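Visitor: Sending over upload-v5.pdb (PDB, C-alpha atoms).
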ATOM      1  CA  MET A  10      -2.180  29.583  10.924
ATOM      2  CA  THR A  11      -2.129  25.981   9.726
ATOM      3  CA  LYS A  12       1.048  25.154   7.779
ATOM      4  CA  ILE A  13       0.984  22.684   4.913
ATOM      5  CA  LEU A  14       4.171  21.510   3.237
ATOM      6  CA  ALA A  15       3.815  20.613  -0.446
ATOM      7  CA  ILE A  16       6.632  18.481  -1.850
ATOM      8  CA  GLN A  17       6.335  18.406  -5.609
ATOM      9  CA  SER A  18       8.455  18.140  -8.679
ATOM     10  CA  GLU A  19       6.019  19.864 -11.002
ATOM     11  CA  LEU A  20       4.962  23.204  -9.540
ATOM     12  CA  PHE A  21       2.542  23.777 -12.399
ATOM     13  CA  GLU A  22       0.546  20.613 -11.667
ATOM     14  CA  TYR A  23      -0.114  21.592  -8.092
ATOM     15  CA  SER A  24      -0.493  25.332  -8.468
ATOM     16  CA  ILE A  25      -4.298  25.124  -8.571
ATOM     17  CA  PHE A  26      -4.419  23.021  -5.407
ATOM     18  CA  MET A  27      -1.860  25.206  -3.617
ATOM     19  CA  GLN A  28      -3.747  28.355  -4.591
ATOM     20  CA  LEU A  29      -6.912  26.729  -3.276
ATOM     21  CA  LEU A  30      -5.243  26.022   0.068
ATOM     22  CA  GLU A  31      -3.955  29.588   0.324
ATOM     23  CA  SER A  32      -7.410  30.939  -0.483
ATOM     24  CA  GLN A  33      -8.749  28.852   2.418
ATOM     25  CA  GLY A  34      -6.288  30.483   4.834
ATOM     26  CA  PHE A  35      -3.570  27.818   4.957
ATOM     27  CA  LYS A  36       0.097  28.764   4.868
ATOM     28  CA  VAL A  37       1.638  26.713   2.058
ATOM     29  CA  ILE A  38       5.333  25.907   2.136
ATOM     30  CA  VAL A  39       6.683  24.473  -1.127
ATOM     31  CA  ALA A  40       9.691  22.232  -1.721
ATOM     32  CA  GLY A  41      10.722  21.391  -5.289
ATOM     33  CA  ASN A  42      12.402  18.084  -4.503
ATOM     34  CA  GLY A  43      12.322  15.336  -1.921
ATOM     35  CA  ALA A  44      15.541  16.229  -0.108
ATOM     36  CA  ALA A  45      14.449  19.848   0.311
ATOM     37  CA  GLY A  46      11.008  18.658   1.403
ATOM     38  CA  LEU A  47      12.432  16.413   4.093
ATOM     39  CA  CYS A  48      14.629  19.249   5.347
ATOM     40  CA  LYS A  49      11.706  21.700   5.406
ATOM     41  CA  ALA A  50       9.533  19.154   7.209
ATOM     42  CA  GLN A  51      12.123  18.834   9.965
ATOM     43  CA  LEU A  52      12.681  22.587  10.251
ATOM     44  CA  GLU A  53       9.135  23.895   9.803
ATOM     45  CA  LEU A  54       7.211  21.029  11.472
ATOM     46  CA  PRO A  55       4.135  21.592   9.296
ATOM     47  CA  ASP A  56       0.667  20.519  10.371
ATOM     48  CA  LEU A  57       0.310  18.348   7.254
ATOM     49  CA  ILE A  58       2.462  17.228   4.332
ATOM     50  CA  ILE A  59       1.333  16.657   0.758
ATOM     51  CA  SER A  60       3.824  14.911  -1.503
ATOM     52  CA  ASP A  61       4.092  13.477  -4.964
ATOM     53  CA  ILE A  62       5.502   9.952  -5.265
ATOM     54  CA  THR A  63       8.071  10.855  -7.904
ATOM     55  CA  THR A  64      10.143  13.753  -6.647
ATOM     56  CA  PRO A  65      13.764  14.434  -7.600
ATOM     57  CA  GLU A  66      16.564  13.464  -5.206
ATOM     58  CA  LEU A  67      14.308  11.516  -2.836
ATOM     59  CA  ASP A  68      11.003   9.892  -3.793
ATOM     60  CA  GLY A  69       7.810  10.217  -1.782
ATOM     61  CA  TYR A  70       8.137   6.763  -0.242
ATOM     62  CA  SER A  71      11.639   7.577   1.019
ATOM     63  CA  ILE A  72      10.391  10.877   2.439
ATOM     64  CA  LEU A  73       7.581   9.114   4.289
ATOM     65  CA  LYS A  74       9.974   6.475   5.638
ATOM     66  CA  ALA A  75      12.440   9.116   6.869
ATOM     67  CA  LEU A  76       9.661  11.121   8.517
ATOM     68  CA  HIS A  77       8.389   8.036  10.335
ATOM     69  CA  GLU A  78      11.875   7.280  11.661
ATOM     70  CA  ASN A  79      11.930  10.593  13.551
ATOM     71  CA  PRO A  80       9.514  10.781  16.527
ATOM     72  CA  ILE A  81       9.031  14.517  16.006
ATOM     73  CA  THR A  82       7.912  14.204  12.372
ATOM     74  CA  ALA A  83       6.337  10.745  12.576
ATOM     75  CA  ILE A  84       2.983  12.134  13.706
ATOM     76  CA  ILE A  85       2.600  14.695  10.908
ATOM     77  CA  PRO A  86      -0.278  13.627   8.630
ATOM     78  CA  PHE A  87       1.040  12.690   5.185
ATOM     79  CA  ILE A  88      -0.992  12.667   1.977
ATOM     80  CA  PHE A  89       0.207  11.517  -1.413
ATOM     81  CA  LEU A  90      -1.133  13.636  -4.277
ATOM     82  CA  THR A  91      -0.058  12.326  -7.654
ATOM     83  CA  SER A  92      -1.093  12.383 -11.270
ATOM     84  CA  ASP A  93      -0.604   8.700 -11.963
ATOM     85  CA  ALA A  94      -1.150   5.859  -9.524
ATOM     86  CA  SER A  95      -1.558   2.142  -9.735
ATOM     87  CA  GLN A  96      -3.312   0.016  -7.155
ATOM     88  CA  SER A  97       0.100  -1.241  -6.013
ATOM     89  CA  ASP A  98       1.274   2.386  -5.503
ATOM     90  CA  ILE A  99      -1.751   3.075  -3.319
ATOM     91  CA  ARG A 100      -1.299  -0.147  -1.323
ATOM     92  CA  LYS A 101       2.395   0.528  -0.778
ATOM     93  CA  ALA A 102       1.696   4.059   0.410
ATOM     94  CA  MET A 103      -0.985   2.952   2.854
ATOM     95  CA  GLU A 104       1.145   0.078   4.163
ATOM     96  CA  MET A 105       3.962   2.539   4.816
ATOM     97  CA  GLY A 106       1.649   4.708   6.883
ATOM     98  CA  ALA A 107       0.403   7.397   4.515
ATOM     99  CA  ASP A 108      -2.787   8.982   5.780
ATOM    100  CA  ASP A 109      -4.370   9.347   2.368
ATOM    101  CA  PHE A 110      -3.694   8.958  -1.343
ATOM    102  CA  ILE A 111      -5.418  11.193  -3.858
ATOM    103  CA  THR A 112      -4.904  11.914  -7.531
ATOM    104  CA  ASN A 113      -4.781  15.203  -9.387
ATOM    105  CA  SER A 114      -8.055  14.253 -11.058
ATOM    106  CA  CYS A 115      -9.933  14.730  -7.776
ATOM    107  CA  THR A 116     -12.245  17.693  -7.411
ATOM    108  CA  GLU A 117     -11.333  20.747  -5.373
ATOM    109  CA  GLU A 118     -13.988  19.694  -2.859
ATOM    110  CA  GLU A 119     -12.493  16.191  -2.526
ATOM    111  CA  PHE A 120      -9.020  17.678  -2.135
ATOM    112  CA  LEU A 121     -10.087  20.102   0.593
ATOM    113  CA  LYS A 122     -12.102  17.411   2.376
ATOM    114  CA  ALA A 123      -9.045  15.127   2.516
ATOM    115  CA  ILE A 124      -7.003  17.955   4.054
ATOM    116  CA  VAL A 125      -9.663  18.976   6.574
ATOM    117  CA  VAL A 126     -10.386  15.405   7.683
ATOM    118  CA  ARG A 127      -6.693  14.730   8.376
ATOM    119  CA  LEU A 128      -6.244  18.015  10.239
ATOM    120  CA  GLU A 129      -9.362  17.408  12.352
ATOM    121  CA  ARG A 130      -8.182  13.909  13.235
ATOM    122  CA  GLN A 131      -4.753  15.240  14.181
ATOM    123  CA  ALA A 132      -6.323  17.921  16.384
ATOM    124  CA  PHE A 133      -8.520  15.308  18.085
ATOM    125  CA  LEU A 134      -5.529  13.049  18.787
ATOM    126  CA  LYS A 135      -3.500  15.936  20.229
ATOM    127  CA  GLN A 136      -6.403  16.863  22.506
ATOM    128  CA  TRP A 137      -6.945  13.284  23.588
ATOM    129  CA  TYR A 138      -3.284  12.684  24.429
ATOM    130  CA  ALA A 139      -3.013  16.026  26.246
ATOM    131  CA  ALA A 140      -6.050  15.140  28.369
ATOM    132  CA  ARG A 141      -4.560  11.730  29.212
ATOM    133  CA  ALA A 142      -1.259  13.342  30.201
ATOM    134  CA  VAL A 143      -3.078  15.731  32.567
ATOM    135  CA  GLU A 144      -5.021  12.836  34.092
ATOM    136  CA  LYS A 145      -1.783  10.979  34.832
ATOM    137  CA  LEU A 146      -0.345  14.036  36.582
ATOM    138  CA  GLU A 147      -3.344  14.360  38.887
TER     139      GLU A 147
END
Represent the structure from my file as structure tokens, please.
Guide:
Amino acid sequence: MTKILAIQSELFEYSIFMQLLESQGFKVIVAGNGAAGLCKAQLELPDLIISDITTPELDGYSILKALHENPITAIIPFIFLTSDASQSDIRKAMEMGADDFITNSCTEEEFLKAIVVRLERQAFLKQWYAARAVEKLE
């Protein structure tokens, strides 16, 4: 089962999206603040992380930076999902290596598509690197 970690400060805001993910067969792990989210990411090694920018204790940018500093978590796709975003927020997130940036005003279809696209890309990359590793052994 595909695990998705949701790091959010406002559980109510994301409940519709998290329920949608669960209804699509994803296992959703929730962290109520950035520090807990970072800890859960390192322990659970989810297939994808969704985070708000403004989370208590550690903001989304700091979470992303910490994840990228660890080779084990650096490859986990990371999507910002936030209610309010400026162009500079989006640019900063993308420059730091976020895989996507979506707002709460997106449709359920747009939300699911962003998740599926990132998971498919991650699966492709894992397959590609595994094939290359086998070729080098032969």
Visitor: Excluding region 126-136 of chain A and residues on its chain fewer than 3 positions from it, collect all residues at most 10 Å away from it, counting all atoms listed in the file, and give them as a list of chain:residue names.
Guide: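 The filter keeps A:Thr11, A:Asp56, A:Leu57, A:Ile84, A:Ile85, A:Pro86, A:Phe87, A:Ile88, A:Asp108, A:Asp109, A:Leu121, A:Lys122, A:Ala123, A:Ala139, A:Ala140, A:Arg141, A:Ala142.
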Visitor: To one decimal place in Å, what is the distance between CA of Ser18 (chain A) and CA of Pro65 (chain A)?
Guide: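 Straight-line distance from CA of Ser18 (chain A) to CA of Pro65 (chain A) works out to 6.6 Å.
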Visitor: Using Å and a single decimal, report how far CA of Ala83 (chain A) sits from CA of Leu52 (chain A).
Guide: 13.6 Å
Visitor: Closest to Ile111 (chain A) among A:Ala75, A:Ile59, A:Val143, A:Ile16, using all atoms listed in the file?
Guide: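 Closest to Ile111 (chain A) of all the choices is A:Ile59.
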Visitor: Here is a test: counting all atoms listed in the file, which residue of A:Ser92, A:Asn79, A:Ser114, A:Thr64 is nearest to Gly41 (chain A)?
Guide: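 Of A:Ser92, A:Asn79, A:Ser114, A:Thr64, the one nearest Gly41 (chain A), counting all atoms listed in the file, is A:Thr64.
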Visitor: Using only C-alpha atoms, which of the listed residues (A:Gln51, A:Ile25, A:Leu67, A:Gln17) sits closest to Cys115 (chain A)?
Guide: A:Ile25
Visitor: For Ala50 (chain A), which residue out of A:Thr82, A:Ser32, A:Ser24, A:Thr63 is the nearest one, using all atoms listed in the file?
Guide: A:Thr82
Visitor: Could you jot down the CA of Lys49 (chain A) to CA of Glu104 (chain A) separation for me, Å, one decimal place?
Guide: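 Interatomic distance here is 24.1 Å.
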Visitor: Calculated over all atoms listed in the file, which of the candidates A:Ile124, A:Ile72, A:Ile62, A:Ala107 has the smallest distance to Leu29 (chain A)?
Guide: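 Closest to Leu29 (chain A) of all the choices is A:Ile124.
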Visitor: Could you give me, as a list in words, the residues that sit within 12 Å of (-1.5, 27.3, -3.9) in the file's coordinates, counting all atoms listed in the file?
Guide: Ile13, Leu14, Ala15, Gln17, Leu20, Phe21, Glu22, Tyr23, Ser24, Ile25, Phe26, Met27, Gln28, Leu29, Leu30, Glu31, Ser32, Gln33, Gly34, Phe35, Lys36, Val37, Ile38, Val39, Ile59 and Glu117 of chain A
Visitor: Could the residues in this selection be saved with C-alpha atoms as a compact mmCIF listing (two decimals), keeping the file's coordinate frame?
Guide:
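Result file is again02.txt:
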# COMPACT_ATOMS: atom_id res chain seq x y z
CA ILE A 13 0.98 22.68 4.91
CA LEU A 14 4.17 21.51 3.24
CA ALA A 15 3.82 20.61 -0.45
CA GLN A 17 6.34 18.41 -5.61
CA LEU A 20 4.96 23.20 -9.54
CA PHE A 21 2.54 23.78 -12.40
CA GLU A 22 0.55 20.61 -11.67
CA TYR A 23 -0.11 21.59 -8.09
CA SER A 24 -0.49 25.33 -8.47
CA ILE A 25 -4.30 25.12 -8.57
CA PHE A 26 -4.42 23.02 -5.41
CA MET A 27 -1.86 25.21 -3.62
CA GLN A 28 -3.75 28.36 -4.59
CA LEU A 29 -6.91 26.73 -3.28
CA LEU A 30 -5.24 26.02 0.07
CA GLU A 31 -3.96 29.59 0.32
CA SER A 32 -7.41 30.94 -0.48
CA GLN A 33 -8.75 28.85 2.42
CA GLY A 34 -6.29 30.48 4.83
CA PHE A 35 -3.57 27.82 4.96
CA LYS A 36 0.10 28.76 4.87
CA VAL A 37 1.64 26.71 2.06
CA ILE A 38 5.33 25.91 2.14
CA VAL A 39 6.68 24.47 -1.13
CA ILE A 59 1.33 16.66 0.76
CA GLU A 117 -11.33 20.75 -5.37
Visitor: Could you spell out the hits of the PyMOL selection byres ((chain A and resi 112) around 10) on the shown file, as a ChimeraX atom specification?
Guide: /A:61,89-94,110-111,113-116,120
Visitor: Counting only C-alpha atoms, which of A:Lys12, A:Trp137, A:Leu47, A:Glu144 gets nearest to Glu78 (chain A)?
Guide: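 Ranked by minimum distance to Glu78 (chain A), first place goes to A:Leu47.
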